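File shown here: work.txt, holding compact mmCIF, C-alpha atoms and all ligand atoms.
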# COMPACT_ATOMS: atom_id res chain seq x y z
CA MET A 1 -20.84 2.77 -13.19
CA LEU A 2 -17.68 4.80 -12.53
CA ASP A 3 -15.24 5.86 -15.20
CA ALA A 4 -12.01 4.95 -13.41
CA VAL A 5 -9.63 7.80 -12.82
CA ARG A 6 -5.84 7.77 -12.89
CA ILE A 7 -4.30 8.41 -9.48
CA ASP A 8 -1.53 10.61 -10.94
CA THR A 9 -4.22 12.89 -12.39
CA ILE A 10 -5.98 13.08 -9.01
CA LEU A 11 -2.74 13.82 -7.11
CA ALA A 12 -1.79 16.52 -9.64
CA ARG A 13 -4.80 18.53 -8.39
CA GLY A 14 -2.82 19.18 -5.20
CA GLU A 15 -5.70 18.49 -2.77
CA PRO A 16 -4.83 15.93 -0.05
CA VAL A 17 -6.72 12.65 -0.56
CA PHE A 18 -7.66 9.59 1.47
CA SER A 19 -7.30 6.05 0.14
CA PHE A 20 -7.96 2.61 1.62
CA GLU A 21 -6.26 -0.74 1.25
CA PHE A 22 -7.98 -4.14 1.51
CA PHE A 23 -6.96 -7.74 0.99
CA PRO A 24 -9.20 -10.21 -0.89
CA PRO A 25 -11.02 -12.45 1.61
CA LYS A 26 -10.90 -16.22 1.29
CA THR A 27 -14.62 -17.11 1.21
CA PRO A 28 -17.55 -15.78 -0.87
CA GLN A 29 -19.35 -14.80 2.38
CA ALA A 30 -16.31 -12.84 3.57
CA ALA A 31 -16.15 -11.17 0.14
CA GLU A 32 -19.75 -9.96 0.53
CA GLN A 33 -18.93 -8.68 4.04
CA LEU A 34 -15.89 -6.85 2.67
CA LEU A 35 -17.96 -5.19 -0.07
CA ARG A 36 -20.32 -3.95 2.70
CA THR A 37 -17.30 -2.58 4.63
CA ILE A 38 -16.07 -0.77 1.51
CA ASP A 39 -19.58 0.59 0.94
CA GLU A 40 -19.52 1.95 4.54
CA LEU A 41 -16.34 3.85 3.73
CA LYS A 42 -17.77 5.28 0.50
CA PRO A 43 -19.15 8.48 2.15
CA ILE A 44 -15.53 9.45 2.92
CA SER A 45 -15.06 9.73 -0.88
CA PRO A 46 -11.66 8.02 -1.10
CA ALA A 47 -9.57 8.95 -4.15
CA PHE A 48 -8.97 5.23 -4.66
CA VAL A 49 -9.37 1.86 -2.99
CA SER A 50 -6.61 -0.70 -3.39
CA VAL A 51 -6.67 -4.50 -3.31
CA THR A 52 -3.56 -6.44 -2.33
CA TYR A 53 -2.16 -9.28 -4.40
CA GLY A 54 -0.89 -12.65 -3.24
CA ALA A 55 -0.86 -11.45 0.37
CA MET A 56 -3.00 -13.28 2.96
CA GLY A 57 -3.45 -16.27 0.62
CA SER A 58 -5.39 -14.41 -2.07
CA ASN A 59 -5.19 -15.42 -5.70
CA ARG A 60 -5.26 -13.71 -9.07
CA SER A 61 -8.94 -14.26 -9.97
CA GLN A 62 -10.09 -12.97 -6.56
CA VAL A 63 -8.16 -9.72 -7.06
CA ILE A 64 -9.48 -9.10 -10.57
CA ASP A 65 -13.05 -9.94 -9.49
CA LEU A 66 -12.85 -7.69 -6.41
CA VAL A 67 -11.38 -4.65 -8.21
CA ALA A 68 -14.02 -4.98 -10.95
CA ARG A 69 -16.83 -5.14 -8.34
CA ILE A 70 -15.42 -2.14 -6.41
CA LYS A 71 -15.54 -0.17 -9.65
CA ASP A 72 -18.79 -1.43 -11.18
CA GLU A 73 -20.99 -2.20 -8.13
CA ILE A 74 -19.76 0.27 -5.50
CA GLY A 75 -18.61 3.01 -7.86
CA LEU A 76 -15.21 3.65 -6.30
CA ASN A 77 -11.90 4.05 -8.12
CA PRO A 78 -9.86 0.83 -7.74
CA MET A 79 -6.13 0.13 -7.79
CA ALA A 80 -4.96 -3.47 -8.23
CA HIS A 81 -1.71 -4.52 -6.55
CA LEU A 82 0.35 -6.91 -8.69
CA SER A 83 3.49 -8.74 -7.58
CA CYS A 84 6.20 -10.56 -9.53
CA THR A 85 6.19 -13.52 -7.09
CA GLY A 86 5.81 -16.82 -8.92
CA HIS A 87 4.81 -15.28 -12.27
CA SER A 88 6.41 -15.46 -15.72
CA ARG A 89 6.15 -12.44 -18.03
CA ASP A 90 3.34 -14.11 -20.00
CA GLU A 91 1.31 -14.65 -16.83
CA LEU A 92 1.85 -11.05 -15.74
CA ALA A 93 0.86 -9.88 -19.24
CA SER A 94 -2.35 -11.91 -19.09
CA ILE A 95 -3.28 -10.38 -15.68
CA LEU A 96 -2.53 -6.87 -16.95
CA ASP A 97 -4.68 -7.50 -20.05
CA GLN A 98 -7.56 -8.64 -17.82
CA LEU A 99 -7.22 -5.56 -15.60
CA ALA A 100 -7.21 -3.29 -18.64
CA SER A 101 -10.31 -5.06 -20.03
CA ALA A 102 -12.05 -4.57 -16.67
CA GLY A 103 -11.45 -0.82 -17.06
CA VAL A 104 -8.96 -0.57 -14.17
CA ASP A 105 -6.62 2.42 -14.58
CA ASN A 106 -4.22 1.99 -11.63
CA VAL A 107 -1.73 -0.75 -10.75
CA LEU A 108 0.67 -0.92 -7.77
CA ALA A 109 3.72 -2.75 -9.16
CA LEU A 110 5.49 -4.85 -6.52
CA ARG A 111 8.21 -7.44 -6.29
CA GLY A 112 6.40 -9.42 -3.57
CA ASP A 113 7.80 -11.29 -0.60
CA PRO A 114 9.60 -14.65 -0.57
CA PRO A 115 8.39 -17.42 1.78
CA ARG A 116 9.44 -16.63 5.39
CA GLY A 117 13.17 -17.16 5.98
CA GLU A 118 14.01 -17.49 2.27
CA GLU A 119 15.56 -15.11 -0.24
CA PHE A 120 13.43 -13.76 -3.10
CA ARG A 121 13.90 -15.77 -6.30
CA PRO A 122 12.27 -14.66 -9.55
CA ALA A 123 10.06 -17.18 -11.38
CA ALA A 124 11.36 -18.64 -14.66
CA ASP A 125 11.10 -15.84 -17.22
CA GLY A 126 9.86 -13.55 -14.41
CA PHE A 127 11.21 -10.40 -12.81
CA ALA A 128 13.65 -9.92 -9.92
CA HIS A 129 12.74 -6.34 -8.99
CA ALA A 130 9.62 -4.20 -8.97
CA SER A 131 11.41 -1.75 -11.30
CA ASP A 132 11.47 -4.50 -13.99
CA LEU A 133 7.70 -4.92 -13.64
CA VAL A 134 7.21 -1.14 -13.86
CA ALA A 135 9.22 -1.01 -17.11
CA PHE A 136 7.26 -4.02 -18.45
CA ILE A 137 3.92 -2.32 -17.71
CA ARG A 138 5.12 0.92 -19.30
CA SER A 139 6.21 -0.95 -22.46
CA ARG A 140 2.70 -2.16 -23.38
CA TRP A 141 -0.09 -0.73 -21.22
CA ASP A 142 -1.36 2.69 -20.27
CA PHE A 143 -1.89 2.21 -16.52
CA CYS A 144 -1.02 4.79 -13.88
CA VAL A 145 1.72 2.87 -12.01
CA GLY A 146 2.40 3.11 -8.27
CA GLY A 147 5.27 1.62 -6.28
CA ALA A 148 6.16 0.80 -2.66
CA CYS A 149 8.80 2.57 -0.56
CA TYR A 150 10.19 2.19 2.95
CA PRO A 151 10.88 5.17 5.27
CA GLU A 152 12.80 2.87 7.65
CA LYS A 153 14.45 1.00 4.71
CA HIS A 154 13.38 -2.26 3.08
CA PRO A 155 14.44 -5.22 5.27
CA ASP A 156 16.63 -6.73 2.46
CA ALA A 157 18.53 -3.49 1.77
CA PRO A 158 21.95 -3.05 3.43
CA ASP A 159 21.27 0.65 4.15
CA LEU A 160 18.85 3.45 3.31
CA GLU A 161 21.17 5.02 0.68
CA THR A 162 21.29 1.78 -1.33
CA ASP A 163 17.53 1.33 -0.96
CA LEU A 164 16.97 4.93 -2.17
CA ALA A 165 19.22 4.35 -5.19
CA HIS A 166 17.07 1.34 -6.13
CA LEU A 167 13.93 3.38 -5.52
CA ALA A 168 15.23 6.09 -7.86
CA THR A 169 15.70 3.39 -10.54
CA LYS A 170 12.09 2.26 -9.98
CA VAL A 171 10.83 5.84 -10.38
CA ARG A 172 12.95 6.39 -13.52
CA ALA A 173 11.43 3.18 -14.95
CA GLY A 174 8.06 4.96 -14.92
CA THR A 175 6.54 4.89 -11.41
CA ASP A 176 4.00 7.73 -11.13
CA PHE A 177 3.65 7.81 -7.33
CA LEU A 178 4.79 5.93 -4.22
CA ILE A 179 3.07 4.60 -1.10
CA THR A 180 5.14 4.06 2.04
CA GLN A 181 5.32 1.04 4.24
CA LEU A 182 3.48 1.64 7.54
CA PHE A 183 5.32 3.74 10.13
CA PHE A 184 4.39 5.12 13.55
CA ASP A 185 6.70 8.13 13.86
CA ASP A 186 6.07 10.96 11.38
CA ALA A 187 9.69 12.11 11.72
CA ASP A 188 10.69 8.93 9.83
CA TYR A 189 8.39 9.88 6.92
CA PHE A 190 9.55 13.51 6.68
CA ALA A 191 13.24 12.54 6.91
CA PHE A 192 12.70 9.90 4.20
CA VAL A 193 10.96 12.36 1.86
CA ARG A 194 13.83 14.83 2.28
CA ARG A 195 16.36 12.13 1.39
CA ALA A 196 14.25 10.89 -1.52
CA ARG A 197 14.01 14.41 -2.97
CA ALA A 198 17.77 14.80 -2.60
CA ALA A 199 18.17 11.50 -4.51
CA GLY A 200 16.12 12.95 -7.39
CA ILE A 201 12.85 11.16 -6.58
CA ASP A 202 10.21 13.75 -7.39
CA VAL A 203 6.92 11.81 -7.53
CA PRO A 204 4.21 12.15 -4.82
CA ILE A 205 4.90 9.96 -1.74
CA LEU A 206 1.70 8.93 0.05
CA PRO A 207 2.23 7.98 3.71
CA GLY A 208 0.77 4.56 4.62
CA ILE A 209 -0.93 4.57 8.04
CA MET A 210 -2.13 1.53 9.95
CA PRO A 211 -4.32 2.24 12.99
CA VAL A 212 -3.38 -0.34 15.63
CA THR A 213 -6.37 -2.47 16.60
CA ASP A 214 -4.56 -5.58 17.85
CA VAL A 215 -1.40 -5.53 19.99
CA GLY A 216 -0.11 -9.00 19.03
CA GLY A 217 -0.85 -8.28 15.36
CA VAL A 218 1.11 -5.04 15.27
CA ARG A 219 4.10 -6.62 17.06
CA ARG A 220 4.16 -9.42 14.47
CA MET A 221 3.77 -7.02 11.58
CA THR A 222 6.48 -4.59 12.72
CA SER A 223 8.94 -7.42 13.31
CA MET A 224 8.33 -8.63 9.73
CA CYS A 225 8.45 -5.30 7.93
CA GLY A 226 11.12 -3.56 10.04
CA ALA A 227 8.97 -0.59 11.14
CA HIS A 228 9.61 0.49 14.75
CA LEU A 229 6.98 1.10 17.43
CA PRO A 230 7.89 4.26 19.41
CA SER A 231 8.37 3.34 23.08
CA ALA A 232 5.58 5.67 24.32
CA LEU A 233 3.08 3.97 21.96
CA GLU A 234 4.41 0.51 22.84
CA SER A 235 3.86 1.23 26.60
CA ARG A 236 0.33 2.54 26.07
CA LEU A 237 -0.53 -0.51 23.96
CA ALA A 238 1.01 -2.88 26.54
CA GLU A 239 -1.18 -1.27 29.25
CA ALA A 240 -4.31 -1.58 27.09
CA ASP A 241 -3.57 -5.15 25.91
CA GLY A 242 -6.46 -7.51 26.69
CA ASP A 243 -9.07 -4.73 26.47
CA PRO A 244 -9.99 -4.45 22.74
CA ALA A 245 -11.95 -1.17 23.13
CA ARG A 246 -9.00 0.47 24.90
CA VAL A 247 -6.52 -0.82 22.31
CA LEU A 248 -8.75 0.62 19.57
CA SER A 249 -8.86 4.00 21.36
CA VAL A 250 -5.06 4.10 21.75
CA GLY A 251 -4.60 3.07 18.09
CA VAL A 252 -7.12 5.61 16.77
CA GLU A 253 -5.71 8.42 18.93
CA HIS A 254 -2.14 7.75 17.80
CA ALA A 255 -3.04 7.43 14.11
CA THR A 256 -5.22 10.57 14.25
CA GLY A 257 -2.29 12.55 15.70
CA GLN A 258 -0.01 11.14 12.99
CA CYS A 259 -2.44 12.04 10.18
CA ARG A 260 -3.03 15.54 11.55
CA ALA A 261 0.71 16.29 11.65
CA LEU A 262 1.25 14.73 8.22
CA LEU A 263 -1.52 16.81 6.65
CA GLU A 264 -0.17 19.96 8.32
CA GLY A 265 3.22 19.02 6.88
CA GLY A 266 1.75 19.06 3.35
CA VAL A 267 1.48 15.35 2.42
CA PRO A 268 -0.38 14.54 -0.84
CA GLY A 269 -2.83 12.32 1.07
CA ILE A 270 -3.09 9.43 3.53
CA HIS A 271 -3.27 5.76 2.52
CA PHE A 272 -4.93 3.65 5.25
CA TYR A 273 -4.02 0.01 5.78
CA THR A 274 -7.54 -0.95 6.91
CA LEU A 275 -6.97 -4.71 7.44
CA ASN A 276 -10.51 -5.02 5.99
CA LYS A 277 -12.16 -3.19 8.92
CA SER A 278 -13.80 0.21 8.76
CA PRO A 279 -14.42 1.49 12.35
CA ALA A 280 -10.87 2.75 13.14
CA THR A 281 -10.49 4.46 9.76
CA ARG A 282 -13.94 6.06 10.00
CA ARG A 283 -13.17 7.40 13.49
CA ILE A 284 -9.85 8.87 12.35
CA VAL A 285 -11.29 10.57 9.25
CA ALA A 286 -14.24 11.92 11.31
CA ALA A 287 -11.78 13.38 13.87
CA LEU A 288 -9.65 14.93 11.12
CA ARG A 289 -12.69 16.51 9.45
CA ALA A 290 -14.27 17.72 12.72
C1 LIG A 301 2.25 0.03 -0.07
C2 LIG A 301 2.67 -1.41 -0.10
C3 LIG A 301 1.81 -2.36 -0.64
C4 LIG A 301 2.17 -3.71 -0.71
N1 LIG A 301 1.30 -4.61 -1.25
C5 LIG A 301 1.66 -5.90 -1.38
C6 LIG A 301 0.80 -6.87 -2.01
O1 LIG A 301 -0.30 -6.54 -2.45
N2 LIG A 301 1.24 -8.13 -2.14
C7 LIG A 301 2.47 -8.54 -1.66
O2 LIG A 301 2.81 -9.72 -1.79
N3 LIG A 301 3.30 -7.67 -1.04
C8 LIG A 301 2.94 -6.36 -0.90
N4 LIG A 301 3.79 -5.46 -0.30
C9 LIG A 301 5.08 -5.95 0.24
C10 LIG A 301 6.20 -5.96 -0.82
O3 LIG A 301 5.89 -6.88 -1.84
C11 LIG A 301 7.48 -6.37 -0.11
O4 LIG A 301 7.89 -5.38 0.80
C12 LIG A 301 8.63 -6.82 -1.00
O5 LIG A 301 9.62 -7.42 -0.16
C13 LIG A 301 9.30 -5.70 -1.77
O6 LIG A 301 8.51 -5.26 -2.77
P1 LIG A 301 8.91 -3.94 -3.60
O7 LIG A 301 7.90 -3.79 -4.65
O8 LIG A 301 9.17 -2.81 -2.69
O9 LIG A 301 10.31 -4.42 -4.25
P2 LIG A 301 11.55 -3.72 -4.89
O10 LIG A 301 11.29 -2.30 -5.24
O11 LIG A 301 12.01 -4.63 -5.98
O12 LIG A 301 12.62 -3.71 -3.69
C14 LIG A 301 12.84 -4.92 -2.94
C15 LIG A 301 14.28 -4.96 -2.45
O13 LIG A 301 15.17 -5.12 -3.57
C16 LIG A 301 16.09 -4.06 -3.62
N5 LIG A 301 16.30 -3.74 -5.04
C17 LIG A 301 15.44 -3.11 -5.86
N6 LIG A 301 15.97 -3.00 -7.08
C18 LIG A 301 17.20 -3.58 -7.04
C19 LIG A 301 18.25 -3.80 -7.99
N7 LIG A 301 18.13 -3.38 -9.25
N8 LIG A 301 19.35 -4.46 -7.59
C20 LIG A 301 19.48 -4.93 -6.31
N9 LIG A 301 18.51 -4.73 -5.36
C21 LIG A 301 17.40 -4.08 -5.73
C22 LIG A 301 15.47 -2.92 -2.83
O14 LIG A 301 16.46 -2.04 -2.29
C23 LIG A 301 14.73 -3.67 -1.75
O15 LIG A 301 15.61 -4.03 -0.70
C24 LIG A 301 3.45 -4.12 -0.20
C25 LIG A 301 4.31 -3.16 0.37
C26 LIG A 301 3.93 -1.82 0.43
C27 LIG A 301 4.86 -0.81 1.07
How does the structure come out when it is put into structure tokens?
Ligand SMILES: Cc1cc2nc3c(=O)[nH]c(=O)nc-3n(C[C@H](O)[C@H](O)[C@H](O)COP(=O)(O)OP(=O)(O)OC[C@H]3O[C@@H](n4cnc5c(N)ncnc54)[C@H](O)[C@@H]3O)c2cc1C
Amino acid sequence: MLDAVRIDTILARGEPVFSFEFFPPKTPQAAEQLLRTIDELKPISPAFVSVTYGAMGSNRSQVIDLVARIKDEIGLNPMAHLSCTGHSRDELASILDQLASAGVDNVLALRGDPPRGEEFRPAADGFAHASDLVAFIRSRWDFCVGGACYPEKHPDAPDLETDLAHLATKVRAGTDFLITQLFFDDADYFAFVRRARAAGIDVPILPGIMPVTDVGGVRRMTSMCGAHLPSALESRLAEADGDPARVLSVGVEHATGQCRALLEGGVPGIHFYTLNKSPATRRIVAALRA
């Protein structure tokens, strides 16, 4: 069994790390399959493995169960995502108590998304912003706390300056490190980090990379989260559309080039949005280590 390790302690070592994100599957069979996928990625020695919350229809008990199994059965360092959506403070406190009892050291504190087309509304006695959840966690628990950030600005924010001011508040509330929304042009990440540093945000900022494996999926995702697909990548994907092996090759090649340039540029690590599949991520890491 692994003694979980705080991500801030790992990042303070200054060696670039890899980490992987998964969402809890809906059926027990799919959960077993996911644990096998995570086991396949274990030889890469990720610094941590994260499990999303509330996204893709998952629920609270699935997240707690999955992070505990990642730690106890697979022996990897887990991070639980936790969002404010639909939860009162007491409910959030109960989830945080359960995570602490399970020996989890790392929590990604999020606001969460409203239903499509609606504005975010906090639950009764809940929180309106991720920074409120960060402060709440800091007030009673000893987790290492991560937060989300958006190189191309959060879709609700009027402009990047306002978004950065809110991000600075979230970091001052006690966020130990940040993970970016997915992006496909490294220039967006490096420009964002420069602006964040100028705004006084001094915590590590892990770039979030999603290898494209499905053309329709990435178009849907980018239209929701506001990330842009560079036109050269969009054309290559459009040409490959309908041929899954070719789409995978284009996606892996683009993401490998992104990761290589990011690592050369001195990033603290790479966080992979795996969408619960291992082949693309394994190919990218193998190419980077070759
Ligand atoms: C790495 C990563 C992981 C994610 N994992 C999940 C997940 O597991 N589950 C899930 O449901 N969603 C997840 N999301 C999506 C996330 O929940 C949404 O993007 C959500 O809309 C914003 O969450 P946040 O934590 O960034 O919110 P916040 O930091 O609260 O920011 C949200 C918006 O509010 C604004 N804002 C912040 N503070 C203030 C303030 N004091 N006053 C006015 N405006 C303010 C910000 O500028 C921004 O526009 C993830 C996103 C990322 C990047």
Original post:
Which value, in Å to one decimal, gives the distance between CA of Gly265 (chain A) and CA of Ile205 (chain A)?
Top reply: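 Atom-to-atom, CA of Gly265 (chain A) to CA of Ile205 (chain A), that is 12.6 Å.
Closest approach to Lys277 (chain A) among A:Ser50, A:Thr222, A:Ser231, A:Thr213: A:Thr213, based on all atoms listed in the file.
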Given only C-alpha atoms and all ligand atoms, how would the per-residue table for chain A near ligand LIG 301 (chain A) read, listing every residue at most 8 Å away with its closest atom pair and distance in Å to one decimal, sorted by chain and number, as a tab-separated table?
residue	atom	partner	partner_atom	distance
A:Phe23	CA	A:LIG301	O1	7.6
A:Val51	CA	A:LIG301	O1	6.7
A:Thr52	CA	A:LIG301	O1	3.3
A:Tyr53	CA	A:LIG301	O1	3.8
A:Gly54	CA	A:LIG301	O2	4.9
A:Ala55	CA	A:LIG301	O2	4.6
A:His81	CA	A:LIG301	O1	4.8
A:Leu82	CA	A:LIG301	O1	6.3
A:Ser83	CA	A:LIG301	O2	5.9
A:Thr85	CA	A:LIG301	O2	7.3
A:Leu108	CA	A:LIG301	C3	7.4
A:Ala109	CA	A:LIG301	O7	6.2
A:Leu110	CA	A:LIG301	O7	3.2
A:Arg111	CA	A:LIG301	O7	4.0
A:Gly112	CA	A:LIG301	O3	3.1
A:Asp113	CA	A:LIG301	O5	4.3
A:Pro114	CA	A:LIG301	O5	7.2
A:Phe120	CA	A:LIG301	O5	8.0
A:Ala128	CA	A:LIG301	O11	6.8
A:His129	CA	A:LIG301	O11	3.5
A:Ala130	CA	A:LIG301	O11	3.9
A:Ser131	CA	A:LIG301	O11	6.1
A:Gly147	CA	A:LIG301	O7	6.2
A:Ala148	CA	A:LIG301	C27	4.3
A:Cys149	CA	A:LIG301	C27	5.4
A:Tyr150	CA	A:LIG301	C27	6.4
A:Lys153	CA	A:LIG301	O15	7.5
A:His154	CA	A:LIG301	O15	4.7
A:Pro155	CA	A:LIG301	O15	6.2
A:Asp156	CA	A:LIG301	O15	4.3
A:Ala157	CA	A:LIG301	O15	3.9
A:Pro158	CA	A:LIG301	O15	7.6
A:Thr162	CA	A:LIG301	O14	6.2
A:Asp163	CA	A:LIG301	O14	3.8
A:Leu164	CA	A:LIG301	O14	7.0
A:Ala165	CA	A:LIG301	O14	7.5
A:His166	CA	A:LIG301	N6	4.6
A:Leu167	CA	A:LIG301	O10	6.3
A:Thr169	CA	A:LIG301	N6	7.3
A:Lys170	CA	A:LIG301	O10	6.6
A:Leu178	CA	A:LIG301	C1	7.6
A:Ile179	CA	A:LIG301	C1	4.8
A:Thr180	CA	A:LIG301	C27	5.0
A:Gln181	CA	A:LIG301	C27	3.7
A:Leu182	CA	A:LIG301	C27	7.1
A:Gly208	CA	A:LIG301	C1	6.7
A:Cys225	CA	A:LIG301	O4	7.2
**OP:** Find the residues around Thr281 (chain A) up to 10 Å (all atoms listed in the file counted), leave out those fewer than 4 positions away in its own chain, and share them as a PyMOL selection string.
**Re:** chain A and resi 20+41+44+209-211+252+255-256+272-274+277+285-287
Original post:
Hey, which of A:Leu11, A:Ala47, A:Val107, A:Val215 ends up closest to Ala240 (chain A)? Count only C-alpha atoms.
Top reply: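 Of A:Leu11, A:Ala47, A:Val107, A:Val215, the one nearest Ala240 (chain A) is A:Val215, counting only C-alpha atoms.
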Long-range neighbours of region 121-125 of chain A as an mmCIF file with C-alpha atoms, in the coordinates of the input, 7 Å cut-off, all atoms listed in the file, 2 positions minimum in chain:
data_model
loop_
_atom_site.group_PDB
_atom_site.id
_atom_site.type_symbol
_atom_site.label_atom_id
_atom_site.label_comp_id
_atom_site.auth_asym_id
_atom_site.auth_seq_id
_atom_site.Cartn_x
_atom_site.Cartn_y
_atom_site.Cartn_z
ATOM 1 C CA THR A 85 6.190 -13.520 -7.090
ATOM 2 C CA GLY A 86 5.810 -16.820 -8.920
ATOM 3 C CA HIS A 87 4.810 -15.280 -12.270
ATOM 4 C CA SER A 88 6.410 -15.460 -15.720
ATOM 5 C CA ARG A 89 6.150 -12.440 -18.030
ATOM 6 C CA GLU A 119 15.560 -15.110 -0.240
ATOM 7 C CA PHE A 127 11.210 -10.400 -12.810
ATOM 8 C CA ALA A 128 13.650 -9.920 -9.920
#
**OP:** Rank A:Arg260, A:His228, A:Arg13, A:Arg60 by their smallest atom-to-atom distance to Asp188 (chain A), using only C-alpha atoms, and report the top residue only.
**Re:**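 Closest to Asp188 (chain A) of all the choices is A:His228.
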Subject >> d(CA of Glu15 (chain A), CA of Gly269 (chain A)) in Å >> reply: 7.8 Å
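Nearest to Val247 (chain A) of all the residues A:Met221, A:Ala168, A:Val212, A:Leu229 is A:Val212, counting only C-alpha atoms.
Picture a line from CA of Ala80 (chain A) to CA of Leu133 (chain A); it runs 13.8 Å.
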Original post:
Between A:Leu34, A:Ala198, A:Val63, A:Ala100, which has the minimum distance to Ser278 (chain A) (counting all atoms listed in the file)?
Top reply: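 The closest residue to Ser278 (chain A) is A:Leu34.
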Subject >> Minimum-distance residue to Lys42 (chain A), chosen among A:Ala196, A:Leu237, A:Leu76, A:Ile10 (using all atoms listed in the file) >> reply: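 That would be A:Leu76, the residue with the smallest distance to Lys42 (chain A).
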**OP:** Please identify all polymer residues within 9 Å of Ile270 (chain A), counting all atoms listed in the file, omitting same-chain residues fewer than 4 positions from it, and present them as a ChimeraX atom specification.
**Re:** /A:16-20,206-209,259,262-263
Please define a box with edges along x, y and z of the file around all atoms of region 161-166 of chain A given in the file, extend it by 3 Å on each side, and return its centre and edge lengths in Å to one decimal, as JSON.
{"center_x": 19.1, "center_y": 3.2, "center_z": -2.7, "size_x": 10.3, "size_y": 9.7, "size_z": 12.8}
